[in-house]
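Remarks on the structure that follows.
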Amino acid sequence: MSRNVALLFAIACGLAVANIYYAQPLLDAISNEFGITHSSVGIVITITQVCYALGLLLLVPLGDLLNRRWLIAGQMLVSVSALIVVGTAPTSMVLFIGIAAVGLLAVVTQTLVAFAATLAAPAERGRAVGVVTSGIVIGILLARTFAGVLMDLAGWRSVYLVSAVLTLIMACVLFRVLPHYEHKRKSLSYLQLLRSLLTLFVQERILRIRAALALMIFTAFSIFWTSLVLPLSAPPLSLSHTAIGAFGLAGVAGALAAARAGRLADRGLGQRTTGVALILLLISWLPISYTQHSLLALIVGIVLLDLAVQAVHVTNQSMILALRPEARSRLTAGYMIFYSIGSATGSIASTNIYVYSGWNGVCLLGAIVSALALLFWVLTHRLK
C-alpha cells in the first residue's frame with residue numbers, strides 16, 4: 001500500500017466521519033431553530049450514532065462480499081443526498097430523517113479501514129491502520145472547527161451543504177483512484193454474512209475484550225465532546241462558534257499519535273500502550289474540570305483525552321484486524337458497533353447530566369467511565 005493511497009484513504013475517512021460530528025458545536029443553534037430543549041438536543045447526536053451502529057451491522061460486512069471500490073463510491077454518493085436533506089430541512093422531523101441517513105452511510109470509513117488492512121503487508125498493517133485511523137480522528141476533531149467557522153459565516157445549514165459538495169468530489173476521486181484489488185471470498189448469502197458476526201464474537205476473545213474497551217473509551221470521548229459546547233457558549237465564557245470549534249485543533253495531537261500506536265502494536269506492545277493510554281484518559285478529566293476557570297487547562301485536558309482515546313482505538317483495530325484476514329470487514333463492523341453504542345450513550349447522558357449537575361457532573365461521569373475502562377483492562381490484559 002503506497003503512502004499516497006494511504007493518505008487518500010485517511011482524507012476520505014476524515015471527510016466521511018466528520019459528517020456525523022458537525023452537529024456537536026451546532027447543538028445550541030439547532031436547539032434554538034427547531035425549539036428543542038437543551039436537555040433533549042443530544043438526541044440529534046444519538047440518532048446519528050444509533051444509525052451509524054445500524055450501518056456497521058448492515059453495510060460494513062458487505063465489504064467481505066462485494067467489490068469494495070463500488071461499495072465505497074456508491075455509499076458516498078448516496079451520502080450527498082442525505083447531507084442535502086439535512087442542510088435544507090424545514091422541520092425537526094426532516095432533520096432527524098436526514099441525520100439518520102448521514103449516520104447510516106458514514107460507515108464507509110470502516111470499509112476503507114478494512115480495505116487498508118487488506119492492502120498492507122502484515123508487518124506494516126498496524127502502521128497503515130494508524131495512518132488511516134488518524135484521518136478519522138482528525139476528521140472528527142476538525143469537524144468542530146469547520147462547523148464553527150461556517151456557522152458564524154453562513155449559518156448551521158451551510159455546514160451540511162458544503163460537506164455535500166466535498167463528499168461528491170471525494171466519491172469521484174475514490175472511484176478513479178481506488179485499487180481494483182479483490183481477494184477470493186467465501187460464497188455467503190447476506191444473512192449468513194450477518195450471522196457470522198455473532199460467530200466471530202463467540203470465537204474471538206480479543207474481539208470481545210477490545211470491543212468492550214471501545215464502548216467505554218468512546219462513551220468517555222462523547223461525554224466530553226458532546227457537552228463541551230454548552231459551558232463554552234454560556235456566560236461567563238460566551239465564546240463564538242468559531243472559537244468553540246477551534247478547540248478541536250487541540251485534539252489533533254492525539255490523532256497524530258495514531259501511526260505510532262499502530263507501530264507499537266506491530267511490535268507486540270499493544271497491551272502496554274493500552275494501559276498507559278487508559279491512565280492518561282483518567283487523568284485528563286482533572287484539567288478538563290477546570291474549563292470554566294482556565295481555557296489553558298481545558299486545552300491540556302483535550303490533548304490528553306484525545307491522545308489516550310486514539311492510542312487505544314488504533315491498538316484495538318490493529319489487534320483485531322490480524323485475527324481473520326477473510327473477515328476483516330465483519331471484524332471491523334463488530335468492533336465499531338460497540339464504538340457507536342458508546343458514542344450514543346455518552347451523547348445523551350452528558351447533555352442530561354449537564355442540565356442537572358453542570359460541568360462538574362459531566363466531568364465526574366467521564367472520570368467514572370474512564371476508571372471503569374482502566375479497571376476492565378487490568379482484569380483482562382493477560383487474557384489471550
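Labels for the C-alpha cells follow display order: chains A, B, ..., residues from 1 in each chain, ligands from 1.
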
Discussion item. Considering only helix (DSSP H, G or I) as DSSP defines it on the backbone, what residues of range 34-251 of chain A qualify? List them as a PyMOL selection string.
Written reply: chain A and resi 34+43-58+60-64+68-87+92-105+108-119+122-154+156-177+190-203+205-227+229-233+241-251

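Within the 8 Å cut-off around range 118-131 of chain A, using only C-alpha atoms and omitting residues fewer than 6 positions from it on the same chain, the listed residues are Met1, Ala6, Leu7, Ala10, Ala258, Ala259, Arg260, Ala261, Gly262, Arg263, Leu264, Ala265, Asp266, Val314, Thr315, Gln317, Ser318, Pro325 and Arg328 of chain A.
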
Discussion item. Would you pick out the contacts of Ala147 in chain A at 8 Å or less, using only C-alpha atoms, so that residues sharing its chain but fewer than 5 positions from it are not included, and give the list as a VMD selection string?
Written reply: chain A and resid 22 to 23 25 to 26 156 159 241 to 242 245

Take the residues from that selection and write them out as a JSON list (two decimals), in the first residue's frame, keeping N, CA and C atoms.
```json
[["chain", "number", "residue", "atom", "x", "y", "z"],
["A", 22, "TYR", "N", -20.43, 17.10, 12.84],
["A", 22, "TYR", "CA", -20.66, 18.53, 12.63],
["A", 22, "TYR", "C", -21.68, 19.09, 13.62],
["A", 23, "ALA", "N", -22.65, 18.29, 14.00],
["A", 23, "ALA", "CA", -23.75, 18.80, 14.82],
["A", 23, "ALA", "C", -23.32, 19.19, 16.23],
["A", 25, "PRO", "N", -20.89, 21.12, 17.73],
["A", 25, "PRO", "CA", -20.78, 22.54, 18.08],
["A", 25, "PRO", "C", -21.99, 23.36, 17.62],
["A", 26, "LEU", "N", -22.93, 22.72, 16.92],
["A", 26, "LEU", "CA", -24.10, 23.44, 16.41],
["A", 26, "LEU", "C", -25.36, 23.16, 17.23],
["A", 156, "TRP", "N", -25.81, 27.39, 10.34],
["A", 156, "TRP", "CA", -25.51, 25.98, 10.52],
["A", 156, "TRP", "C", -25.83, 25.13, 9.29],
["A", 159, "VAL", "N", -23.02, 24.26, 6.72],
["A", 159, "VAL", "CA", -22.06, 23.21, 7.05],
["A", 159, "VAL", "C", -22.35, 21.94, 6.25],
["A", 241, "HIS", "N", -19.03, 30.39, 17.95],
["A", 241, "HIS", "CA", -18.94, 29.03, 17.41],
["A", 241, "HIS", "C", -17.57, 28.78, 16.80],
["A", 242, "THR", "N", -16.99, 29.80, 16.21],
["A", 242, "THR", "CA", -15.64, 29.65, 15.65],
["A", 242, "THR", "C", -14.64, 29.33, 16.75],
["A", 245, "GLY", "N", -15.27, 25.78, 18.07],
["A", 245, "GLY", "CA", -14.79, 24.79, 17.12],
["A", 245, "GLY", "C", -13.28, 24.68, 17.09]]
```

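Our summary of the geometry notes that CA of Leu8 in chain A is positioned 19.6 Å from CA of Val162 in chain A.
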
Residues at most 12 Å from Val312 in chain A, counting only C-alpha atoms, excluding those fewer than 6 positions away in the same chain, as a PDB file with C-alpha atoms, in the first residue's frame?
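Below is the file around_29.pdb, written as the result:
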```
ATOM      1  CA  GLY A 130      -2.783   4.007  12.221  1.00  0.00           C
ATOM      2  CA  THR A 133      -7.412   5.972  11.564  1.00  0.00           C
ATOM      3  CA  ARG A 210     -11.362  -4.842  22.565  1.00  0.00           C
ATOM      4  CA  ALA A 211     -15.000  -4.137  21.675  1.00  0.00           C
ATOM      5  CA  ALA A 212     -15.802  -3.627  25.366  1.00  0.00           C
ATOM      6  CA  LEU A 213     -12.875  -1.210  25.675  1.00  0.00           C
ATOM      7  CA  ALA A 214     -14.113   0.659  22.609  1.00  0.00           C
ATOM      8  CA  LEU A 215     -17.537   1.070  24.175  1.00  0.00           C
ATOM      9  CA  MET A 216     -16.083   2.620  27.319  1.00  0.00           C
ATOM     10  CA  ILE A 217     -13.453   4.907  25.792  1.00  0.00           C
ATOM     11  CA  PHE A 218     -15.878   6.317  23.239  1.00  0.00           C
ATOM     12  CA  PHE A 221     -14.970  10.695  24.441  1.00  0.00           C
ATOM     13  CA  GLY A 254      -3.988  12.760  19.701  1.00  0.00           C
ATOM     14  CA  ALA A 255      -4.683  11.865  16.089  1.00  0.00           C
ATOM     15  CA  ALA A 257      -0.101   9.674  17.647  1.00  0.00           C
ATOM     16  CA  ALA A 258      -2.139   7.111  15.689  1.00  0.00           C
ATOM     17  CA  ALA A 259       0.629   5.849  13.428  1.00  0.00           C
ATOM     18  CA  ARG A 260       2.961   5.485  16.420  1.00  0.00           C
ATOM     19  CA  ALA A 261       0.404   3.424  18.339  1.00  0.00           C
ATOM     20  CA  GLY A 262      -0.020   1.213  15.288  1.00  0.00           C
ATOM     21  CA  LEU A 264       3.843  -0.331  18.744  1.00  0.00           C
ATOM     22  CA  ALA A 265       1.073  -2.853  18.087  1.00  0.00           C
ATOM     23  CA  LEU A 269       3.396  -3.771  22.605  1.00  0.00           C
ATOM     24  CA  GLY A 270      -0.353  -3.246  22.219  1.00  0.00           C
ATOM     25  CA  GLN A 271      -1.239  -4.142  25.805  1.00  0.00           C
ATOM     26  CA  ARG A 272       1.339  -1.793  27.302  1.00  0.00           C
ATOM     27  CA  THR A 273       0.193   1.029  25.019  1.00  0.00           C
ATOM     28  CA  THR A 274      -3.411   0.417  26.071  1.00  0.00           C
ATOM     29  CA  GLY A 275      -2.615   0.558  29.787  1.00  0.00           C
ATOM     30  CA  VAL A 276      -0.643   3.809  29.571  1.00  0.00           C
ATOM     31  CA  ALA A 277      -3.312   5.410  27.393  1.00  0.00           C
ATOM     32  CA  LEU A 278      -6.137   4.487  29.776  1.00  0.00           C
ATOM     33  CA  ILE A 279      -4.247   6.036  32.699  1.00  0.00           C
ATOM     34  CA  LEU A 280      -3.867   9.249  30.666  1.00  0.00           C
ATOM     35  CA  LEU A 281      -7.582   9.162  29.839  1.00  0.00           C
ATOM     36  CA  LEU A 305      -8.038  12.792  26.281  1.00  0.00           C
ATOM     37  CA  ASP A 306      -7.698  12.613  22.510  1.00  0.00           C
ATOM     38  CA  SER A 318      -4.533  -3.372  14.818  1.00  0.00           C
ATOM     39  CA  MET A 319      -5.089  -6.357  17.106  1.00  0.00           C
ATOM     40  CA  TYR A 339     -17.808   2.258  19.412  1.00  0.00           C
ATOM     41  CA  ALA A 373     -12.219   1.155  31.324  1.00  0.00           C
ATOM     42  CA  LEU A 374      -8.882   1.076  33.161  1.00  0.00           C
ATOM     43  CA  TRP A 377      -8.111  -3.588  31.139  1.00  0.00           C
TER      44      TRP A 377
END
```

Worksheet item: When distances are computed from only C-alpha atoms, which of A:Val229, A:Ala349, A:Leu375, A:Val113 shows the smallest separation from Gly135 in chain A?
Response: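 Nearest to Gly135 in chain A: A:Val113.
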